[in-house]
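A.B. asks: Just one file: query-v4.json, with JSON, C-alpha atoms (C1' of nucleotides).
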[["chain", "number", "residue", "atom", "x", "y", "z"],
["A", 17, "MET", "CA", 0.21, 0.47, 19.10],
["A", 18, "GLY", "CA", 2.11, -1.91, 16.92],
["A", 19, "VAL", "CA", -0.86, -3.78, 15.56],
["A", 20, "ALA", "CA", -2.47, -0.63, 14.21],
["A", 21, "ASP", "CA", -0.09, -0.50, 11.29],
["A", 22, "ALA", "CA", -0.91, -4.02, 10.15],
["A", 23, "VAL", "CA", -4.65, -3.57, 10.67],
["A", 24, "PHE", "CA", -4.94, -0.27, 8.83],
["A", 25, "GLY", "CA", -2.67, -1.58, 6.13],
["A", 26, "ALA", "CA", -4.83, -4.65, 5.70],
["A", 27, "LEU", "CA", -8.01, -2.59, 5.66],
["A", 28, "ALA", "CA", -6.57, -0.14, 3.15],
["A", 29, "ASP", "CA", -7.29, -2.49, 0.26],
["A", 30, "GLY", "CA", -10.79, -2.75, -1.11],
["A", 31, "THR", "CA", -10.48, -6.38, -2.12],
["A", 32, "ARG", "CA", -9.44, -7.29, 1.40],
["A", 33, "ARG", "CA", -12.37, -5.38, 2.86],
["A", 34, "ASN", "CA", -14.60, -7.30, 0.47],
["A", 35, "LEU", "CA", -13.08, -10.55, 1.64],
["A", 36, "LEU", "CA", -13.65, -9.63, 5.25],
["A", 37, "ALA", "CA", -17.25, -8.65, 4.61],
["A", 38, "ARG", "CA", -17.88, -11.83, 2.65],
["A", 39, "LEU", "CA", -16.25, -13.93, 5.33],
["A", 40, "GLY", "CA", -18.47, -12.19, 7.81],
["A", 41, "GLU", "CA", -21.51, -13.31, 5.87],
["A", 42, "LEU", "CA", -20.34, -16.84, 5.22],
["A", 43, "GLY", "CA", -18.74, -17.50, 8.58],
["A", 44, "GLU", "CA", -16.10, -19.69, 6.99],
["A", 45, "ALA", "CA", -14.76, -20.13, 3.48],
["A", 46, "SER", "CA", -11.73, -21.38, 1.60],
["A", 47, "ALA", "CA", -9.52, -19.27, -0.62],
["A", 48, "THR", "CA", -10.85, -21.11, -3.64],
["A", 49, "ASP", "CA", -14.45, -20.46, -2.64],
["A", 50, "LEU", "CA", -13.79, -16.77, -2.15],
["A", 51, "ALA", "CA", -11.86, -16.49, -5.39],
["A", 52, "ARG", "CA", -14.76, -18.03, -7.29],
["A", 53, "GLU", "CA", -16.97, -15.04, -6.58],
["A", 54, "LEU", "CA", -14.29, -12.43, -7.12],
["A", 55, "PRO", "CA", -12.67, -11.08, -10.26],
["A", 56, "VAL", "CA", -9.21, -12.13, -9.14],
["A", 57, "SER", "CA", -7.28, -15.35, -9.07],
["A", 58, "ARG", "CA", -7.13, -17.79, -6.20],
["A", 59, "GLN", "CA", -3.50, -16.95, -5.54],
["A", 60, "ALA", "CA", -4.32, -13.27, -5.22],
["A", 61, "VAL", "CA", -7.04, -14.09, -2.70],
["A", 62, "GLN", "CA", -4.63, -16.32, -0.86],
["A", 63, "LYS", "CA", -2.09, -13.51, -0.60],
["A", 64, "HIS", "CA", -4.78, -11.19, 0.72],
["A", 65, "LEU", "CA", -5.83, -13.77, 3.28],
["A", 66, "GLY", "CA", -2.17, -13.98, 4.24],
["A", 67, "THR", "CA", -1.89, -10.29, 5.02],
["A", 68, "LEU", "CA", -5.27, -10.39, 6.77],
["A", 69, "SER", "CA", -3.94, -13.26, 8.82],
["A", 70, "ASP", "CA", -0.73, -11.33, 9.59],
["A", 71, "ALA", "CA", -2.93, -8.53, 10.85],
["A", 72, "GLY", "CA", -4.80, -11.01, 13.01],
["A", 73, "LEU", "CA", -8.07, -10.33, 11.22],
["A", 74, "VAL", "CA", -8.65, -13.90, 10.04],
["A", 75, "ALA", "CA", -7.70, -17.34, 11.29],
["A", 76, "ALA", "CA", -7.19, -20.50, 9.27],
["A", 77, "ARG", "CA", -8.41, -24.01, 9.99],
["A", 78, "ARG", "CA", -7.57, -27.12, 8.02],
["A", 79, "ALA", "CA", -10.57, -29.23, 7.08],
["A", 80, "GLY", "CA", -9.63, -32.23, 5.01],
["A", 81, "ARG", "CA", -7.93, -31.01, 1.89],
["A", 82, "GLU", "CA", -9.16, -27.48, 2.17],
["A", 83, "VAL", "CA", -8.26, -24.61, 4.46],
["A", 84, "LEU", "CA", -11.15, -22.64, 5.85],
["A", 85, "TYR", "CA", -10.71, -19.04, 6.93],
["A", 86, "ARG", "CA", -12.86, -17.31, 9.48],
["A", 87, "PRO", "CA", -12.79, -13.69, 10.65],
["A", 88, "THR", "CA", -11.27, -12.78, 14.01],
["A", 89, "PRO", "CA", -12.38, -9.23, 14.71],
["A", 90, "ALA", "CA", -10.41, -8.66, 17.89],
["A", 91, "PRO", "CA", -7.55, -6.55, 16.47],
["A", 92, "MET", "CA", -9.98, -4.08, 14.93],
["A", 93, "SER", "CA", -10.76, -2.86, 18.39],
["A", 94, "GLU", "CA", -7.27, -1.48, 18.69],
["A", 95, "ALA", "CA", -7.55, 0.40, 15.42],
["A", 96, "MET", "CA", -10.91, 1.79, 16.45],
["A", 97, "ALA", "CA", -9.46, 2.74, 19.81],
["A", 98, "TRP", "CA", -6.70, 4.67, 18.07],
["A", 99, "MET", "CA", -9.21, 6.54, 15.93],
["A", 100, "ALA", "CA", -11.45, 7.31, 18.85],
["A", 101, "GLU", "CA", -8.54, 8.54, 20.94],
["A", 102, "VAL", "CA", -6.94, 10.74, 18.32],
["A", 103, "GLY", "CA", -10.24, 11.93, 16.96],
["A", 104, "GLY", "CA", -11.77, 12.43, 20.35],
["A", 105, "GLN", "CA", -9.03, 14.82, 21.32],
["A", 106, "TRP", "CA", -10.61, 17.66, 19.47],
["A", 107, "ASP", "CA", -13.95, 16.57, 18.17],
["A", 108, "GLU", "CA", -16.89, 15.89, 20.37],
["A", 109, "ARG", "CA", -18.65, 14.24, 17.49],
["A", 110, "LEU", "CA", -16.65, 11.10, 18.01],
["A", 111, "ALA", "CA", -18.04, 10.64, 21.46],
["A", 112, "ALA", "CA", -21.02, 8.90, 19.91],
["A", 113, "LEU", "CA", -18.71, 6.70, 17.90],
["A", 114, "GLU", "CA", -16.82, 5.77, 21.02],
["A", 115, "ARG", "CA", -20.01, 4.37, 22.34],
["A", 116, "GLN", "CA", -20.33, 2.33, 19.16],
["A", 117, "LEU", "CA", -16.78, 1.16, 19.72],
["A", 118, "ALA", "CA", -17.60, 0.02, 23.21],
["A", 119, "ARG", "CA", -20.45, -2.00, 21.79],
["A", 120, "ALA", "CA", -18.44, -3.46, 18.92],
["A", 121, "GLY", "CA", -15.36, -4.23, 20.99],
["A", 122, "ARG", "CA", -17.39, -5.95, 23.61],
["A", 123, "THR", "CA", -16.50, -9.45, 22.45],
["A", 124, "GLN", "CA", -12.85, -8.72, 21.88],
["A", 125, "ALA", "CA", -10.07, -10.69, 23.49],
["B", 8, "MET", "CA", -18.30, 2.70, 0.72],
["B", 9, "GLY", "CA", -16.60, 5.51, -1.07],
["B", 10, "VAL", "CA", -14.67, 7.36, 1.55],
["B", 11, "ALA", "CA", -13.54, 4.29, 3.41],
["B", 12, "ASP", "CA", -10.88, 3.52, 0.86],
["B", 13, "ALA", "CA", -9.27, 6.94, 1.15],
["B", 14, "VAL", "CA", -9.51, 7.00, 4.93],
["B", 15, "PHE", "CA", -8.07, 3.55, 5.51],
["B", 16, "GLY", "CA", -5.44, 4.23, 2.90],
["B", 17, "ALA", "CA", -4.45, 7.46, 4.59],
["B", 18, "LEU", "CA", -4.36, 5.82, 8.00],
["B", 19, "ALA", "CA", -2.29, 2.92, 6.72],
["B", 20, "ASP", "CA", 0.92, 4.94, 6.90],
["B", 21, "GLY", "CA", 2.62, 5.44, 10.26],
["B", 22, "THR", "CA", 3.99, 8.85, 9.38],
["B", 23, "ARG", "CA", 0.53, 10.06, 8.50],
["B", 24, "ARG", "CA", -0.88, 8.73, 11.76],
["B", 25, "ASN", "CA", 1.90, 10.58, 13.55],
["B", 26, "LEU", "CA", 1.02, 13.75, 11.72],
["B", 27, "LEU", "CA", -2.61, 13.34, 12.62],
["B", 28, "ALA", "CA", -1.82, 12.73, 16.26],
["B", 29, "ARG", "CA", 0.57, 15.69, 16.39],
["B", 30, "LEU", "CA", -1.98, 17.90, 14.72],
["B", 31, "GLY", "CA", -4.43, 16.77, 17.33],
["B", 32, "GLU", "CA", -2.08, 17.97, 20.05],
["B", 33, "LEU", "CA", -1.13, 21.23, 18.38],
["B", 34, "GLY", "CA", -4.53, 22.12, 16.97],
["B", 35, "GLU", "CA", -2.93, 23.77, 13.96],
["B", 36, "ALA", "CA", 0.48, 23.60, 12.34],
["B", 37, "SER", "CA", 2.22, 24.22, 9.05],
["B", 38, "ALA", "CA", 3.94, 21.60, 6.95],
["B", 39, "THR", "CA", 7.28, 23.18, 7.79],
["B", 40, "ASP", "CA", 6.55, 23.08, 11.50],
["B", 41, "LEU", "CA", 5.57, 19.43, 11.35],
["B", 42, "ALA", "CA", 8.56, 18.54, 9.22],
["B", 43, "ARG", "CA", 10.90, 20.12, 11.76],
["B", 44, "GLU", "CA", 10.02, 17.54, 14.37],
["B", 45, "LEU", "CA", 10.02, 14.59, 12.00],
["B", 46, "PRO", "CA", 12.83, 12.70, 10.31],
["B", 47, "VAL", "CA", 11.51, 13.50, 6.85],
["B", 48, "SER", "CA", 11.63, 16.45, 4.52],
["B", 49, "ARG", "CA", 9.06, 19.20, 4.32],
["B", 50, "GLN", "CA", 7.96, 18.02, 0.87],
["B", 51, "ALA", "CA", 7.30, 14.53, 2.17],
["B", 52, "VAL", "CA", 5.17, 15.98, 4.96],
["B", 53, "GLN", "CA", 3.38, 18.11, 2.44],
["B", 54, "LYS", "CA", 2.56, 15.11, 0.30],
["B", 55, "HIS", "CA", 1.23, 13.28, 3.35],
["B", 56, "LEU", "CA", -0.90, 16.26, 4.27],
["B", 57, "GLY", "CA", -2.14, 16.17, 0.71],
["B", 58, "THR", "CA", -3.38, 12.61, 0.95],
["B", 59, "LEU", "CA", -4.80, 13.31, 4.41],
["B", 60, "SER", "CA", -6.61, 16.24, 2.88],
["B", 61, "ASP", "CA", -7.89, 14.08, 0.03],
["B", 62, "ALA", "CA", -9.27, 11.72, 2.63],
["B", 63, "GLY", "CA", -10.92, 14.67, 4.35],
["B", 64, "LEU", "CA", -8.93, 14.14, 7.52],
["B", 65, "VAL", "CA", -7.30, 17.57, 7.55],
["B", 66, "ALA", "CA", -8.20, 21.02, 6.29],
["B", 67, "ALA", "CA", -5.89, 23.82, 5.23],
["B", 68, "ARG", "CA", -6.07, 27.51, 6.06],
["B", 69, "ARG", "CA", -3.84, 30.24, 4.70],
["B", 70, "ALA", "CA", -2.38, 32.54, 7.35],
["B", 71, "GLY", "CA", -0.06, 35.12, 5.90],
["B", 72, "ARG", "CA", 2.71, 33.31, 4.13],
["B", 73, "GLU", "CA", 2.15, 30.02, 5.83],
["B", 74, "VAL", "CA", -0.55, 27.39, 5.45],
["B", 75, "LEU", "CA", -1.91, 25.95, 8.65],
["B", 76, "TYR", "CA", -3.42, 22.50, 8.74],
["B", 77, "ARG", "CA", -5.96, 21.38, 11.27],
["B", 78, "PRO", "CA", -7.48, 17.93, 11.74],
["B", 79, "THR", "CA", -11.04, 17.25, 10.59],
["B", 80, "PRO", "CA", -11.79, 13.80, 11.94],
["B", 81, "ALA", "CA", -15.33, 13.59, 10.69],
["B", 82, "PRO", "CA", -14.66, 11.06, 7.89],
["B", 83, "MET", "CA", -13.19, 8.66, 10.40],
["B", 84, "SER", "CA", -16.72, 8.06, 11.57],
["B", 85, "GLU", "CA", -17.49, 6.27, 8.36],
["B", 86, "ALA", "CA", -14.48, 4.03, 8.69],
["B", 87, "MET", "CA", -15.37, 3.24, 12.28],
["B", 88, "ALA", "CA", -18.94, 2.60, 11.28],
["B", 89, "TRP", "CA", -17.74, 0.12, 8.68],
["B", 90, "MET", "CA", -15.63, -1.68, 11.25],
["B", 91, "ALA", "CA", -18.41, -1.72, 13.79],
["B", 92, "GLU", "CA", -20.89, -3.04, 11.27],
["B", 93, "VAL", "CA", -18.71, -5.75, 9.79],
["B", 94, "GLY", "CA", -17.28, -6.64, 13.18],
["B", 95, "GLY", "CA", -20.72, -6.85, 14.66],
["B", 96, "GLN", "CA", -21.78, -9.18, 11.89],
["B", 97, "TRP", "CA", -18.82, -11.34, 12.67],
["B", 98, "ASP", "CA", -19.84, -11.66, 16.24],
["B", 99, "GLU", "CA", -23.21, -13.10, 15.28],
["B", 100, "ARG", "CA", -21.87, -15.41, 12.60],
["B", 101, "LEU", "CA", -19.00, -16.59, 14.75],
["B", 102, "ALA", "CA", -21.33, -17.39, 17.58],
["B", 103, "ALA", "CA", -23.53, -19.40, 15.22],
["B", 104, "LEU", "CA", -20.51, -21.12, 13.74],
["B", 105, "GLU", "CA", -19.13, -22.07, 17.11],
["B", 106, "ARG", "CA", -22.47, -23.49, 18.08],
["B", 107, "GLN", "CA", -22.49, -25.57, 14.93],
["B", 108, "LEU", "CA", -18.98, -26.79, 15.53],
["B", 109, "ALA", "CA", -19.66, -27.62, 19.13],
["B", 110, "ARG", "CA", -22.73, -29.59, 18.17],
["B", 111, "ALA", "CA", -21.23, -31.26, 15.13],
["B", 112, "GLY", "CA", -17.98, -32.67, 16.32],
["B", 113, "ARG", "CA", -16.06, -31.41, 19.35],
["B", 114, "THR", "CA", -13.13, -31.27, 16.91],
["B", 115, "GLN", "CA", -12.30, -27.97, 18.45],
["B", 116, "ALA", "CA", -9.93, -25.73, 16.48],
["C", 14, "DC", "C1'", 12.78, 48.17, -1.94],
["C", 15, "DG", "C1'", 15.54, 43.80, -1.10],
["C", 16, "DA", "C1'", 16.47, 39.73, 1.43],
["C", 17, "DT", "C1'", 14.54, 35.81, 3.59],
["C", 18, "DA", "C1'", 11.30, 32.29, 4.97],
["C", 19, "DG", "C1'", 7.51, 29.42, 3.18],
["C", 20, "DC", "C1'", 5.06, 27.30, -0.14],
["C", 21, "DG", "C1'", 4.10, 24.73, -4.76],
["C", 22, "DC", "C1'", 5.40, 21.93, -8.43],
["C", 23, "DA", "C1'", 8.03, 18.63, -10.98],
["C", 24, "DA", "C1'", 11.43, 15.13, -11.89],
["C", 25, "DC", "C1'", 13.52, 11.27, -10.23],
["C", 26, "DC", "C1'", 14.68, 6.86, -7.52],
["C", 27, "DG", "C1'", 13.91, 2.51, -4.94],
["C", 28, "DT", "C1'", 10.95, -0.55, -3.04],
["C", 29, "DA", "C1'", 6.78, -2.62, -1.62],
["C", 30, "DG", "C1'", 2.30, -4.28, -3.24],
["C", 31, "DG", "C1'", -1.41, -6.26, -6.07],
["C", 32, "DG", "C1'", -1.92, -9.29, -9.76],
["C", 33, "DT", "C1'", -0.75, -13.07, -12.84],
["C", 34, "DT", "C1'", 1.07, -17.64, -14.53],
["C", 35, "DG", "C1'", 3.15, -22.00, -13.80],
["C", 36, "DC", "C1'", 4.13, -26.05, -11.40],
["C", 37, "DA", "C1'", 4.88, -29.29, -7.55],
["C", 38, "DC", "C1'", 2.68, -31.40, -3.56],
["C", 39, "DC", "C1'", -0.89, -33.40, -0.83],
["C", 40, "DT", "C1'", -5.44, -35.28, 0.16],
["C", 41, "DG", "C1'", -10.00, -37.39, -0.60],
["C", 42, "DG", "C1'", -13.00, -40.12, -3.29],
["C", 43, "DA", "C1'", -14.50, -43.40, -7.08],
["D", 5, "DT", "C1'", -4.83, -47.22, -7.18],
["D", 6, "DC", "C1'", -5.49, -43.51, -10.02],
["D", 7, "DC", "C1'", -7.71, -39.11, -10.81],
["D", 8, "DA", "C1'", -9.32, -34.59, -9.56],
["D", 9, "DG", "C1'", -9.65, -30.69, -6.70],
["D", 10, "DG", "C1'", -7.11, -27.78, -3.41],
["D", 11, "DT", "C1'", -3.26, -25.90, -1.53],
["D", 12, "DG", "C1'", 1.69, -23.95, -1.33],
["D", 13, "DC", "C1'", 5.46, -21.73, -3.37],
["D", 14, "DA", "C1'", 8.12, -19.10, -6.61],
["D", 15, "DA", "C1'", 9.09, -16.14, -10.46],
["D", 16, "DC", "C1'", 7.67, -12.45, -12.83],
["D", 17, "DC", "C1'", 5.22, -7.76, -14.45],
["D", 18, "DC", "C1'", 3.69, -3.22, -13.53],
["D", 19, "DT", "C1'", 2.07, 0.34, -10.97],
["D", 20, "DA", "C1'", 1.64, 3.11, -6.78],
["D", 21, "DC", "C1'", 3.90, 5.03, -2.98],
["D", 22, "DG", "C1'", 7.18, 7.11, 0.21],
["D", 23, "DG", "C1'", 11.07, 9.81, -0.04],
["D", 24, "DT", "C1'", 14.45, 12.92, -2.03],
["D", 25, "DT", "C1'", 16.42, 17.04, -4.56],
["D", 26, "DG", "C1'", 15.96, 21.19, -7.17],
["D", 27, "DC", "C1'", 13.95, 25.32, -8.55],
["D", 28, "DG", "C1'", 10.60, 29.08, -9.04],
["D", 29, "DC", "C1'", 6.99, 31.85, -6.98],
["D", 30, "DT", "C1'", 4.87, 34.51, -3.20],
["D", 31, "DA", "C1'", 4.79, 37.28, 0.61],
["D", 32, "DT", "C1'", 6.33, 39.24, 4.82],
["D", 33, "DC", "C1'", 9.55, 41.97, 7.52],
["D", 34, "DG", "C1'", 13.68, 45.26, 7.95]]
Turn this file's structure into structure tokens for me.
C.D. replies:
Amino acid sequence: MGVADAVFGALADGTRRNLLARLGELGEASATDLARELPVSRQAVQKHLGTLSDAGLVAARRAGREVLYRPTPAPMSEAMAWMAEVGGQWDERLAALERQLARAGRTQA
Amino acid sequence: MGVADAVFGALADGTRRNLLARLGELGEASATDLARELPVSRQAVQKHLGTLSDAGLVAARRAGREVLYRPTPAPMSEAMAWMAEVGGQWDERLAALERQLARAGRTQA
DNA sequence: CGATAGCGCAACCGTAGGGTTGCACCTGGA
DNA sequence: TCCAGGTGCAACCCTACGGTTGCGCTATCG
């Protein structure tokens, strides 16, 4: 369950969740691109992308003189599995969510 | 996306996840009980239970001179829903992106 | 009653984390 | 070849956070 710490930690920040959502919409983007539409500096975005990358939630690709980041959702499955397991121990309500998890984690590695 | 911040923040700490898991096993427990089987002080546990409570992940009940905490996993649904939604979006976009890349260049990442 | 076991609150400390600025380095294009 | 845009790295603030200790209050049991 080692990855859970990094994933939850990465998801704990609102700016990082924004970045992930935006990356989800764009497919790929550079740190500079993302910083342009956010109220923070490029370096801040870059640091966030770094921690997201450490958590395995994004991957980087060099394209010419820019570096494009794309989301890699696989590690989220583990976090969701943790929640479903712990939550499902005592609450039937999460059974429905577990089904969602199965659907969302379908494409995971 | 209000609650997500508190939930992910609460889940970002390993000790708090331990507490949640232990509470899941025990059903109910006091801060003192939980602190006994952890390498931290009772006050630390109490603070953690406080943030878990702020996130809506636990509820407190007074029983005599002790306060028993029990898990209330409902708000996790929202966090999982967020992950499922964003992750699902990724799947579509990534598939489209990979198609583009495959067609455009064979410069595979 | 009185002693004891829990809880609640507050002060305090060290470190990690988000953010910024500044600058050096590389790469692509005119 | 020179210029501009993009990245990488480092130093530096400031706040939040996890953890501790100490003390006072409440309430239960003998």
A.B. asks: Taking only C-alpha atoms (C1' of nucleotides) into account, produce a table as CSV in which each residue of chain D with an atom at most 8 Å from an atom of chain B appears once, together with its shortest atom pair and the distance in Å to one decimal, ordered by chain and rising number.
C.D. replies:
residue,atom,partner,partner_atom,distance
D:DG22,C1',B:Ala51,CA,7.7
D:DG23,C1',B:Ala51,CA,6.4
D:DT24,C1',B:Ser48,CA,8.0
D:DT30,C1',B:Arg72,CA,7.7
D:DA31,C1',B:Arg72,CA,5.7
D:DT32,C1',B:Arg72,CA,7.0
A.B. asks: Can you list every residue of chain A that has an atom at most 6 Å from chain B, with its nearest atom pair and the distance in Å to one decimal, using all atoms listed in the file, ordered by chain then number, as JSON lines?
C.D. replies:
{"residue": "A:Phe24", "atom": "CA", "partner": "B:Ala19", "partner_atom": "CA", "distance": 4.7}
{"residue": "A:Gly25", "atom": "CA", "partner": "B:Ala19", "partner_atom": "CA", "distance": 4.6}
{"residue": "A:Ala28", "atom": "CA", "partner": "B:Gly16", "partner_atom": "CA", "distance": 4.5}
{"residue": "A:Gly40", "atom": "CA", "partner": "B:Trp97", "partner_atom": "CA", "distance": 4.9}
{"residue": "A:Gly43", "atom": "CA", "partner": "B:Arg100", "partner_atom": "CA", "distance": 5.5}
{"residue": "A:Pro89", "atom": "CA", "partner": "B:Gly94", "partner_atom": "CA", "distance": 5.7}
{"residue": "A:Val102", "atom": "CA", "partner": "B:Ala28", "partner_atom": "CA", "distance": 5.9}
{"residue": "A:Gly103", "atom": "CA", "partner": "B:Pro80", "partner_atom": "CA", "distance": 5.6}
{"residue": "A:Ala120", "atom": "CA", "partner": "B:Ala91", "partner_atom": "CA", "distance": 5.4}
A.B. asks: Select all residues from chain C having any atom no more than 12 Å from an atom of chain A (counting only C-alpha atoms (C1' of nucleotides), ignoring ligands), output as a ChimeraX atom specification.
C.D. replies: /C:30-35,38-42
A.B. asks: List as an NGL selection string the residues having at least one atom at most 10 Å from position (12.3, 43.7, 6.9) as given in the file, counting all atoms listed in the file.
C.D. replies: (:C and (14-17)) or (:D and (32-34))
A.B. asks: I'd like the neighbourhood of Tyr85 (chain A) as a ChimeraX atom specification, where a residue qualifies if any of its atoms comes within 8 Å (using all atoms listed in the file), though same-chain residues fewer than 6 positions away should be ignored.
C.D. replies: /A:39,44-47,74-77
A.B. asks: Have a look at CA of Asp70 (chain A) and C1' of DC13 (chain D) and let me know their distance in Å, one decimal.
C.D. replies: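 Spanning CA of Asp70 (chain A) to C1' of DC13 (chain D) is a straight-line distance of 17.7 Å.
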A.B. asks: Report, in Å with one decimal, the straight-line distance from CA of Ala71 (chain A) to CA of Arg23 (chain B).
C.D. replies: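 CA of Ala71 (chain A) sits 19.1 Å away from CA of Arg23 (chain B).
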A.B. asks: For a test of reading the model, state the distance in Å between C1' of DA8 (chain D) and CA of Leu84 (chain A), rounded to one decimal.
C.D. replies: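 According to the coordinates, C1' of DA8 (chain D) and CA of Leu84 (chain A) are separated by 19.6 Å.
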A.B. asks: Name all residues at most 10 Å from Gln62 (chain A) (count all atoms listed in the file; drop same-chain ones fewer than 5 positions away) and give them as a ChimeraX atom specification.
C.D. replies: /A:46-48,50-51,57,67-68 /D:11-12
